[in-house]
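Participant: One structure, pasted below without further comment.
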Amino acid sequence: MKKLILLLFIPLVSFGQEITIVSVEDEPVIFSEETIDFINGYGFSEGNIGDSQKIYVDFDNDGNKDIISMIAGDPYNPFTLCIFLWDESQGKYIDNHEYLMLTQGESMLFNNTVADFNSDGLNDIYVAIENYHGEPGQEPDYYPENSYYMPGHLFLNNGQGFDSQFIDDSTYGDGSYPKFSDGYVLDIDGDGIIEIINPSINDHPENTPLNSYLVTSYEVNSNNEISYSFLMPWEDTFGAQDINDDTFNVRAGIVRDYNNRTYIQYVGFQEDLANGCKRYHPEVSIYEKELDANGQPILYNKFRLERNEEIQNFNSFVSRDSFYIDDLDNDGSEEIIIQMTNDCEMGAGLAVFDNEGNEITDLWFEDGDNMGNSANGFHFVDLNNDGKKDIIMVSNYNDNYNDTVLYLNNGEKFEKKIVETDHQWNFPVDSNGDGYYEIMTSSSSDSKLYFLDYSNALGISDFQTGIKIYPNPSFDYINISADSNLEAILYDFLGKELIRENVTDKLDISSLEKGTYILNLSDGINTSTHKIIKE
């Protein structure tokens, strides 16, 4: 019965239309003169905001999302990161030089790692640090001897800039640091405190025996003191025969929040193939937001992502900008979507699994539409403001370098769409706050912002395209922009009606618990349905 109720909310659409470019902003970001002088002093060119390593978040709590990006770096110098605050009067992202960041090591900004860690009302930033990629023996002096790793960096906001420190100064007997090549921020135990999660599976001198825990959780108190604990003990549920240190490598764990549970994808075990390559068998563990008597998150479910080799025969998976969870078709059950690749061959592809780990890629993509060249991951957002999550590939995915590949979710399948740009890296932003995403592209020299018209992309009715809902997700209010007054009915995923009222401009959702809801809007004749996320 639950599935029938929800399916009635999904609007009918026709397929096969295209996305059009409305306009292009040639200089969406502006550098301060102080920052330009600083990076030029290191010999770097000005005006480039990096590749896909960006965080899109309201850093200064003014209601507008900002961009945090790496702008310069090489293995032999500290990496430079900037915060570009959205300036509504100029319609651009403006560099605030006071918040320039330097990292001792190669910074990693593939996840939103911004939060108020010490509860002082100001947003802080955690920056994960990748392993050294320069010539052996040429490491900067700040690297310990015989080590290619540095600790993650914690930047605590003092209101006028950052105070910086390592997240963890623990070392092994030879003086080397644990690995901090990725990071996530979430409330893993439901106590209202945001933790910094290092999914190093768990490379730490105090974590013995090795590989016994999937993550290290770090907390920062009001005195800026850091404590940590090892969480999510791993057990060989599926009978892996050859577990070794390389199996649980540092970049093999991805942690996400969904519907008030924590999901983590990681390598379960690896299998040696006859051609000398390896096949990885990823596992997913799902945890409740509470701890058991031993102080460990309570395991809700665990399964392996079982691939159907008749659909595609990939032997590995992308371990960044991948692994997302959402109810793609609004039927009350979540799906998992990842990007997979081959270690020994070129090529990549998107894969979809149900909530028990069975591959259903063929149900969501036309034959071959999910395949591409690059294995750099994807962004997963509601691009066209219809309440369903879409996909934009991080980098060029077609043979044509100028093709930016998007996949719009029509509620039944992902439809492949092409937007012709002239840059390599893609990042979605809603710069004008209308609920529709623009594409920010960047190359080795500059950036551009493409404003798009999605109205004909799925053949959606004029009524639905005339409605704009933002921000989504939201903490308190959902703004609803439409040509007429509407009746709004909000349901939970069991089909229970929670709110029914007439709206002219906004809907108050502040009393709702965190989670995903279905919003039905009607003018008395036409109806549209949207998925709403309460944070």
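Chain labels run A, B, ... following the order of the structure tokens; each chain numbers its residues from 1, and ligands are numbered from 1 in the order shown.
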So that I can check the secondary structure, give me every residue of region 75-211 of chain A assigned strand (DSSP E) by backbone DSSP, as JSON, numbers by chain.
Facilitator: {"A": [79, 80, 81, 82, 83, 84, 85, 86, 87, 92, 93, 94, 95, 101, 102, 103, 106, 107, 108, 114, 115, 124, 125, 126, 127, 128, 129, 130, 153, 154, 155, 156, 157, 162, 163, 164, 165, 166, 184, 185, 186, 195, 196, 197, 198]}
Participant: So which residues touch Phe230 (chain A) within 7 Å, counting only C-alpha atoms, skipping near sequence neighbours fewer than 6 positions away, as a short mmCIF file (atom, residue, chain, number, x, y, z; two decimals) with N, CA, C and O atoms, in the first residue's frame?
Facilitator:
data_model
loop_
_atom_site.label_atom_id
_atom_site.label_comp_id
_atom_site.auth_asym_id
_atom_site.auth_seq_id
_atom_site.Cartn_x
_atom_site.Cartn_y
_atom_site.Cartn_z
N TYR A 213 38.78 -1.61 13.03
CA TYR A 213 37.74 -0.60 12.99
C TYR A 213 37.74 0.09 11.63
O TYR A 213 38.79 0.25 11.00
N VAL A 215 36.54 3.37 11.03
CA VAL A 215 36.79 4.81 11.06
C VAL A 215 37.36 5.23 12.40
O VAL A 215 37.22 4.54 13.41
N THR A 216 38.00 6.41 12.39
CA THR A 216 38.33 7.13 13.61
C THR A 216 37.42 8.35 13.67
O THR A 216 37.27 9.07 12.68
N SER A 217 36.83 8.59 14.84
CA SER A 217 35.94 9.73 15.04
C SER A 217 36.63 10.74 15.95
O SER A 217 37.09 10.40 17.04
#
Participant: Please provide as a ChimeraX atom specification all residues within 10 Å of Ile325 (chain A), with the sequence filter that same-chain residues fewer than 5 positions apart are discarded (counting only C-alpha atoms).
Facilitator: /A:256-259,263,334-338,352-355,380,389
Participant: CA of Glu130 (chain A) and CA of Gly175 (chain A) are how many Å apart?
Facilitator: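 Rounded to one decimal, the two atoms are 17.7 Å apart.
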Participant: DSSP on the backbone: which residues in region 263-469 of chain A end up as alpha helix (DSSP H)? Give the answer as a PyMOL selection string.
Facilitator: chain A and resi 361-364+462-465
Participant: Mind writing the picked residues with all heavy atoms as a tab-separated table (two decimals), in the first residue's frame?
Facilitator:
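And here is the file that came out, out.tsv:
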chain	number	residue	atom	x	y	z
A	361	THR	N	21.26	-1.60	-12.35
A	361	THR	CA	21.70	-0.56	-13.28
A	361	THR	C	20.85	-0.54	-14.55
A	361	THR	O	20.51	0.53	-15.07
A	361	THR	CB	23.18	-0.77	-13.64
A	361	THR	OG1	23.96	-0.80	-12.45
A	361	THR	CG2	23.69	0.34	-14.54
A	362	ASP	N	20.50	-1.72	-15.05
A	362	ASP	CA	19.75	-1.80	-16.31
A	362	ASP	C	18.34	-1.22	-16.19
A	362	ASP	O	17.72	-0.89	-17.20
A	362	ASP	CB	19.68	-3.24	-16.80
A	362	ASP	CG	19.10	-4.18	-15.75
A	362	ASP	OD1	19.25	-3.91	-14.55
A	362	ASP	OD2	18.51	-5.21	-16.14
A	363	LEU	N	17.84	-1.07	-14.97
A	363	LEU	CA	16.52	-0.48	-14.78
A	363	LEU	C	16.57	1.05	-14.81
A	363	LEU	O	15.53	1.69	-14.97
A	363	LEU	CB	15.91	-0.94	-13.45
A	363	LEU	CG	15.73	-2.45	-13.27
A	363	LEU	CD1	15.09	-2.74	-11.90
A	363	LEU	CD2	14.88	-3.04	-14.38
A	364	TRP	N	17.77	1.62	-14.67
A	364	TRP	CA	17.89	3.06	-14.54
A	364	TRP	C	18.60	3.74	-15.71
A	364	TRP	O	18.55	4.97	-15.83
A	364	TRP	CB	18.61	3.41	-13.23
A	364	TRP	CG	17.66	3.31	-12.08
A	364	TRP	CD1	17.46	2.26	-11.24
A	364	TRP	CD2	16.72	4.31	-11.70
A	364	TRP	NE1	16.46	2.53	-10.35
A	364	TRP	CE2	15.99	3.79	-10.60
A	364	TRP	CE3	16.42	5.59	-12.15
A	364	TRP	CZ2	14.98	4.51	-9.97
A	364	TRP	CZ3	15.42	6.32	-11.52
A	364	TRP	CH2	14.71	5.77	-10.45
A	462	ASP	N	4.06	22.99	-18.02
A	462	ASP	CA	4.35	24.39	-17.72
A	462	ASP	C	4.08	24.71	-16.26
A	462	ASP	O	4.76	25.52	-15.65
A	462	ASP	CB	3.50	25.31	-18.61
A	462	ASP	CG	3.90	25.24	-20.07
A	462	ASP	OD1	5.06	24.84	-20.33
A	462	ASP	OD2	3.09	25.59	-20.93
A	463	PHE	N	3.06	24.06	-15.69
A	463	PHE	CA	2.75	24.29	-14.27
A	463	PHE	C	3.93	23.92	-13.39
A	463	PHE	O	4.34	24.67	-12.52
A	463	PHE	CB	1.51	23.48	-13.87
A	463	PHE	CG	1.22	23.52	-12.40
A	463	PHE	CD1	0.69	24.66	-11.81
A	463	PHE	CD2	1.47	22.42	-11.60
A	463	PHE	CE1	0.42	24.71	-10.46
A	463	PHE	CE2	1.20	22.46	-10.24
A	463	PHE	CZ	0.67	23.60	-9.67
A	464	GLN	N	4.50	22.75	-13.64
A	464	GLN	CA	5.60	22.30	-12.78
A	464	GLN	C	6.84	23.15	-12.97
A	464	GLN	O	7.53	23.48	-12.01
A	464	GLN	CB	5.93	20.84	-13.05
A	464	GLN	CG	6.99	20.29	-12.10
A	464	GLN	CD	7.13	18.80	-12.19
A	464	GLN	OE1	6.31	18.12	-12.77
A	464	GLN	NE2	8.20	18.28	-11.62
A	465	THR	N	7.16	23.50	-14.21
A	465	THR	CA	8.37	24.30	-14.44
A	465	THR	C	8.22	25.71	-13.91
A	465	THR	O	9.21	26.40	-13.70
A	465	THR	CB	8.72	24.35	-15.94
A	465	THR	OG1	7.60	24.88	-16.66
A	465	THR	CG2	9.05	22.96	-16.46
Participant: Using only C-alpha atoms, which residues sit within 12 Å of Pro199 (chain A) once same-chain residues fewer than 2 positions away are excluded, as a PDB file with N, CA, C and O atoms, in the first residue's frame?
Facilitator:
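Contents of selection_21.pdb, as written:
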ATOM      1  N   ALA A 128      41.324  17.247   4.672  1.00  0.00           N
ATOM      2  CA  ALA A 128      42.072  15.994   4.581  1.00  0.00           C
ATOM      3  C   ALA A 128      43.309  16.212   3.710  1.00  0.00           C
ATOM      4  O   ALA A 128      43.348  17.114   2.860  1.00  0.00           O
ATOM      5  N   GLY A 152      45.686  15.283   8.815  1.00  0.00           N
ATOM      6  CA  GLY A 152      44.657  16.211   8.394  1.00  0.00           C
ATOM      7  C   GLY A 152      44.782  17.528   9.130  1.00  0.00           C
ATOM      8  O   GLY A 152      45.282  17.591  10.261  1.00  0.00           O
ATOM      9  N   PRO A 178      49.792   8.571  10.608  1.00  0.00           N
ATOM     10  CA  PRO A 178      48.718   7.798   9.976  1.00  0.00           C
ATOM     11  C   PRO A 178      48.247   8.496   8.697  1.00  0.00           C
ATOM     12  O   PRO A 178      48.622   9.642   8.429  1.00  0.00           O
ATOM     13  N   LYS A 179      47.394   7.827   7.939  1.00  0.00           N
ATOM     14  CA  LYS A 179      46.880   8.379   6.684  1.00  0.00           C
ATOM     15  C   LYS A 179      45.582   9.151   6.947  1.00  0.00           C
ATOM     16  O   LYS A 179      44.715   8.690   7.670  1.00  0.00           O
ATOM     17  N   PHE A 180      45.481  10.334   6.325  1.00  0.00           N
ATOM     18  CA  PHE A 180      44.292  11.174   6.460  1.00  0.00           C
ATOM     19  C   PHE A 180      43.855  11.657   5.076  1.00  0.00           C
ATOM     20  O   PHE A 180      43.635  12.841   4.859  1.00  0.00           O
ATOM     21  N   SER A 181      43.720  10.743   4.133  1.00  0.00           N
ATOM     22  CA  SER A 181      43.492  11.127   2.744  1.00  0.00           C
ATOM     23  C   SER A 181      42.056  11.466   2.409  1.00  0.00           C
ATOM     24  O   SER A 181      41.758  11.814   1.266  1.00  0.00           O
ATOM     25  N   ASP A 182      41.149  11.347   3.343  1.00  0.00           N
ATOM     26  CA  ASP A 182      39.773  11.750   3.090  1.00  0.00           C
ATOM     27  C   ASP A 182      39.125  12.083   4.426  1.00  0.00           C
ATOM     28  O   ASP A 182      39.670  11.755   5.485  1.00  0.00           O
ATOM     29  N   GLY A 183      37.988  12.733   4.391  1.00  0.00           N
ATOM     30  CA  GLY A 183      37.331  13.108   5.632  1.00  0.00           C
ATOM     31  C   GLY A 183      35.872  13.419   5.420  1.00  0.00           C
ATOM     32  O   GLY A 183      35.450  13.801   4.322  1.00  0.00           O
ATOM     33  N   TYR A 184      35.088  13.257   6.484  1.00  0.00           N
ATOM     34  CA  TYR A 184      33.659  13.520   6.456  1.00  0.00           C
ATOM     35  C   TYR A 184      33.274  14.157   7.783  1.00  0.00           C
ATOM     36  O   TYR A 184      33.950  13.959   8.800  1.00  0.00           O
ATOM     37  N   VAL A 185      32.190  14.919   7.797  1.00  0.00           N
ATOM     38  CA  VAL A 185      31.684  15.478   9.050  1.00  0.00           C
ATOM     39  C   VAL A 185      30.216  15.099   9.182  1.00  0.00           C
ATOM     40  O   VAL A 185      29.419  15.320   8.275  1.00  0.00           O
ATOM     41  N   ILE A 196      34.362  14.657  13.241  1.00  0.00           N
ATOM     42  CA  ILE A 196      35.176  14.546  12.025  1.00  0.00           C
ATOM     43  C   ILE A 196      35.541  13.075  11.866  1.00  0.00           C
ATOM     44  O   ILE A 196      36.106  12.469  12.775  1.00  0.00           O
ATOM     45  N   ILE A 197      35.207  12.508  10.723  1.00  0.00           N
ATOM     46  CA  ILE A 197      35.376  11.076  10.501  1.00  0.00           C
ATOM     47  C   ILE A 197      36.507  10.839   9.507  1.00  0.00           C
ATOM     48  O   ILE A 197      36.480  11.347   8.386  1.00  0.00           O
ATOM     49  N   ILE A 201      40.338   3.204   7.634  1.00  0.00           N
ATOM     50  CA  ILE A 201      40.090   1.739   7.769  1.00  0.00           C
ATOM     51  C   ILE A 201      41.206   1.043   8.527  1.00  0.00           C
ATOM     52  O   ILE A 201      41.733   0.065   8.109  1.00  0.00           O
ATOM     53  N   ASN A 202      41.627   1.198   9.558  1.00  0.00           N
ATOM     54  CA  ASN A 202      41.954   2.362  10.292  1.00  0.00           C
ATOM     55  C   ASN A 202      43.449   2.368  10.497  1.00  0.00           C
ATOM     56  O   ASN A 202      43.944   1.655  11.336  1.00  0.00           O
ATOM     57  N   ASP A 203      44.139   3.117   9.731  1.00  0.00           N
ATOM     58  CA  ASP A 203      45.586   3.210   9.829  1.00  0.00           C
ATOM     59  C   ASP A 203      45.946   4.158  10.974  1.00  0.00           C
ATOM     60  O   ASP A 203      45.999   5.378  10.798  1.00  0.00           O
ATOM     61  N   HIS A 204      46.161   3.604  12.160  1.00  0.00           N
ATOM     62  CA  HIS A 204      46.476   4.415  13.331  1.00  0.00           C
ATOM     63  C   HIS A 204      47.310   3.572  14.290  1.00  0.00           C
ATOM     64  O   HIS A 204      47.017   2.400  14.504  1.00  0.00           O
ATOM     65  N   ASN A 211      43.052  -2.959  11.082  1.00  0.00           N
ATOM     66  CA  ASN A 211      41.815  -3.230  10.355  1.00  0.00           C
ATOM     67  C   ASN A 211      40.661  -3.637  11.249  1.00  0.00           C
ATOM     68  O   ASN A 211      39.647  -4.132  10.779  1.00  0.00           O
ATOM     69  N   TYR A 213      38.783  -1.612  13.027  1.00  0.00           N
ATOM     70  CA  TYR A 213      37.742  -0.597  12.987  1.00  0.00           C
ATOM     71  C   TYR A 213      37.741   0.092  11.629  1.00  0.00           C
ATOM     72  O   TYR A 213      38.791   0.251  11.000  1.00  0.00           O
ATOM     73  N   LEU A 214      36.558   0.545  11.214  1.00  0.00           N
ATOM     74  CA  LEU A 214      36.436   1.176   9.905  1.00  0.00           C
ATOM     75  C   LEU A 214      36.779   2.655   9.918  1.00  0.00           C
ATOM     76  O   LEU A 214      37.239   3.183   8.914  1.00  0.00           O
ATOM     77  N   VAL A 215      36.538   3.366  11.034  1.00  0.00           N
ATOM     78  CA  VAL A 215      36.786   4.807  11.057  1.00  0.00           C
ATOM     79  C   VAL A 215      37.364   5.232  12.396  1.00  0.00           C
ATOM     80  O   VAL A 215      37.223   4.538  13.407  1.00  0.00           O
ATOM     81  N   THR A 216      38.001   6.413  12.385  1.00  0.00           N
ATOM     82  CA  THR A 216      38.327   7.133  13.608  1.00  0.00           C
ATOM     83  C   THR A 216      37.423   8.353  13.670  1.00  0.00           C
ATOM     84  O   THR A 216      37.271   9.070  12.680  1.00  0.00           O
ATOM     85  N   SER A 217      36.829   8.589  14.842  1.00  0.00           N
ATOM     86  CA  SER A 217      35.940   9.732  15.041  1.00  0.00           C
ATOM     87  C   SER A 217      36.631  10.743  15.954  1.00  0.00           C
ATOM     88  O   SER A 217      37.088  10.401  17.044  1.00  0.00           O
ATOM     89  N   TYR A 218      36.710  11.996  15.478  1.00  0.00           N
ATOM     90  CA  TYR A 218      37.349  13.070  16.237  1.00  0.00           C
ATOM     91  C   TYR A 218      36.297  14.081  16.685  1.00  0.00           C
ATOM     92  O   TYR A 218      35.443  14.493  15.898  1.00  0.00           O
ATOM     93  N   PHE A 230      37.831   4.945  18.132  1.00  0.00           N
ATOM     94  CA  PHE A 230      37.743   4.044  16.991  1.00  0.00           C
ATOM     95  C   PHE A 230      36.349   3.426  16.962  1.00  0.00           C
ATOM     96  O   PHE A 230      35.881   2.874  17.970  1.00  0.00           O
ATOM     97  N   LEU A 231      35.693   3.534  15.814  1.00  0.00           N
ATOM     98  CA  LEU A 231      34.306   3.101  15.700  1.00  0.00           C
ATOM     99  C   LEU A 231      34.119   2.115  14.548  1.00  0.00           C
ATOM    100  O   LEU A 231      34.935   2.038  13.641  1.00  0.00           O
ATOM    101  N   MET A 232      32.996   1.423  14.581  1.00  0.00           N
ATOM    102  CA  MET A 232      32.557   0.508  13.538  1.00  0.00           C
ATOM    103  C   MET A 232      33.519  -0.660  13.346  1.00  0.00           C
ATOM    104  O   MET A 232      34.214  -0.764  12.331  1.00  0.00           O
ATOM    105  N   PHE A 248      42.178  -3.043   2.977  1.00  0.00           N
ATOM    106  CA  PHE A 248      41.508  -1.911   3.594  1.00  0.00           C
ATOM    107  C   PHE A 248      42.389  -0.676   3.442  1.00  0.00           C
ATOM    108  O   PHE A 248      42.994  -0.205   4.391  1.00  0.00           O
ATOM    109  N   ASN A 249      42.478  -0.172   2.216  1.00  0.00           N
ATOM    110  CA  ASN A 249      43.368   0.958   1.998  1.00  0.00           C
ATOM    111  C   ASN A 249      42.672   2.259   2.364  1.00  0.00           C
ATOM    112  O   ASN A 249      41.457   2.339   2.496  1.00  0.00           O
ATOM    113  N   VAL A 250      43.461   3.314   2.489  1.00  0.00           N
ATOM    114  CA  VAL A 250      43.011   4.553   3.099  1.00  0.00           C
ATOM    115  C   VAL A 250      41.881   5.225   2.329  1.00  0.00           C
ATOM    116  O   VAL A 250      41.031   5.879   2.913  1.00  0.00           O
ATOM    117  N   ARG A 251      41.823   5.079   1.019  1.00  0.00           N
ATOM    118  CA  ARG A 251      40.800   5.783   0.254  1.00  0.00           C
ATOM    119  C   ARG A 251      39.680   4.840  -0.177  1.00  0.00           C
ATOM    120  O   ARG A 251      38.995   5.090  -1.162  1.00  0.00           O
ATOM    121  N   ALA A 252      39.497   3.757   0.563  1.00  0.00           N
ATOM    122  CA  ALA A 252      38.484   2.787   0.177  1.00  0.00           C
ATOM    123  C   ALA A 252      37.194   2.948   0.961  1.00  0.00           C
ATOM    124  O   ALA A 252      36.271   2.178   0.779  1.00  0.00           O
ATOM    125  N   GLY A 253      37.105   3.907   1.852  1.00  0.00           N
ATOM    126  CA  GLY A 253      35.897   4.073   2.657  1.00  0.00           C
ATOM    127  C   GLY A 253      35.205   5.386   2.359  1.00  0.00           C
ATOM    128  O   GLY A 253      35.830   6.441   2.348  1.00  0.00           O
ATOM    129  N   ILE A 254      33.900   5.344   2.103  1.00  0.00           N
ATOM    130  CA  ILE A 254      33.100   6.544   1.870  1.00  0.00           C
ATOM    131  C   ILE A 254      31.947   6.523   2.860  1.00  0.00           C
ATOM    132  O   ILE A 254      31.218   5.528   2.962  1.00  0.00           O
ATOM    133  N   VAL A 255      31.757   7.627   3.590  1.00  0.00           N
ATOM    134  CA  VAL A 255      30.763   7.689   4.654  1.00  0.00           C
ATOM    135  C   VAL A 255      29.689   8.704   4.272  1.00  0.00           C
ATOM    136  O   VAL A 255      29.997   9.823   3.864  1.00  0.00           O
ATOM    137  N   ARG A 256      28.415   8.305   4.409  1.00  0.00           N
ATOM    138  CA  ARG A 256      27.303   9.188   4.093  1.00  0.00           C
ATOM    139  C   ARG A 256      26.231   9.096   5.174  1.00  0.00           C
ATOM    140  O   ARG A 256      26.094   8.072   5.850  1.00  0.00           O
ATOM    141  N   TYR A 263      25.790   5.419   6.558  1.00  0.00           N
ATOM    142  CA  TYR A 263      26.158   4.403   5.586  1.00  0.00           C
ATOM    143  C   TYR A 263      27.650   4.513   5.309  1.00  0.00           C
ATOM    144  O   TYR A 263      28.171   5.620   5.119  1.00  0.00           O
ATOM    145  N   ILE A 264      28.352   3.390   5.265  1.00  0.00           N
ATOM    146  CA  ILE A 264      29.751   3.412   4.865  1.00  0.00           C
ATOM    147  C   ILE A 264      29.998   2.294   3.861  1.00  0.00           C
ATOM    148  O   ILE A 264      29.619   1.146   4.066  1.00  0.00           O
ATOM    149  N   GLN A 265      30.596   2.682   2.723  1.00  0.00           N
ATOM    150  CA  GLN A 265      31.008   1.713   1.710  1.00  0.00           C
ATOM    151  C   GLN A 265      32.515   1.532   1.808  1.00  0.00           C
ATOM    152  O   GLN A 265      33.257   2.507   1.944  1.00  0.00           O
ATOM    153  N   TYR A 266      32.985   0.296   1.722  1.00  0.00           N
ATOM    154  CA  TYR A 266      34.402   0.016   1.850  1.00  0.00           C
ATOM    155  C   TYR A 266      34.711  -1.273   1.096  1.00  0.00           C
ATOM    156  O   TYR A 266      33.820  -2.042   0.717  1.00  0.00           O
ATOM    157  N   VAL A 267      35.988  -1.523   0.871  1.00  0.00           N
ATOM    158  CA  VAL A 267      36.408  -2.746   0.195  1.00  0.00           C
ATOM    159  C   VAL A 267      36.242  -3.915   1.156  1.00  0.00           C
ATOM    160  O   VAL A 267      36.805  -3.915   2.254  1.00  0.00           O
ATOM    161  N   SER A 319      36.535   5.720  -5.439  1.00  0.00           N
ATOM    162  CA  SER A 319      36.447   5.910  -3.994  1.00  0.00           C
ATOM    163  C   SER A 319      36.400   7.380  -3.584  1.00  0.00           C
ATOM    164  O   SER A 319      36.737   7.728  -2.460  1.00  0.00           O
ATOM    165  N   ARG A 320      35.968   8.273  -4.478  1.00  0.00           N
ATOM    166  CA  ARG A 320      35.710   9.657  -4.096  1.00  0.00           C
ATOM    167  C   ARG A 320      34.669  10.218  -5.061  1.00  0.00           C
ATOM    168  O   ARG A 320      34.568   9.776  -6.214  1.00  0.00           O
TER     169      ARG A 320
END
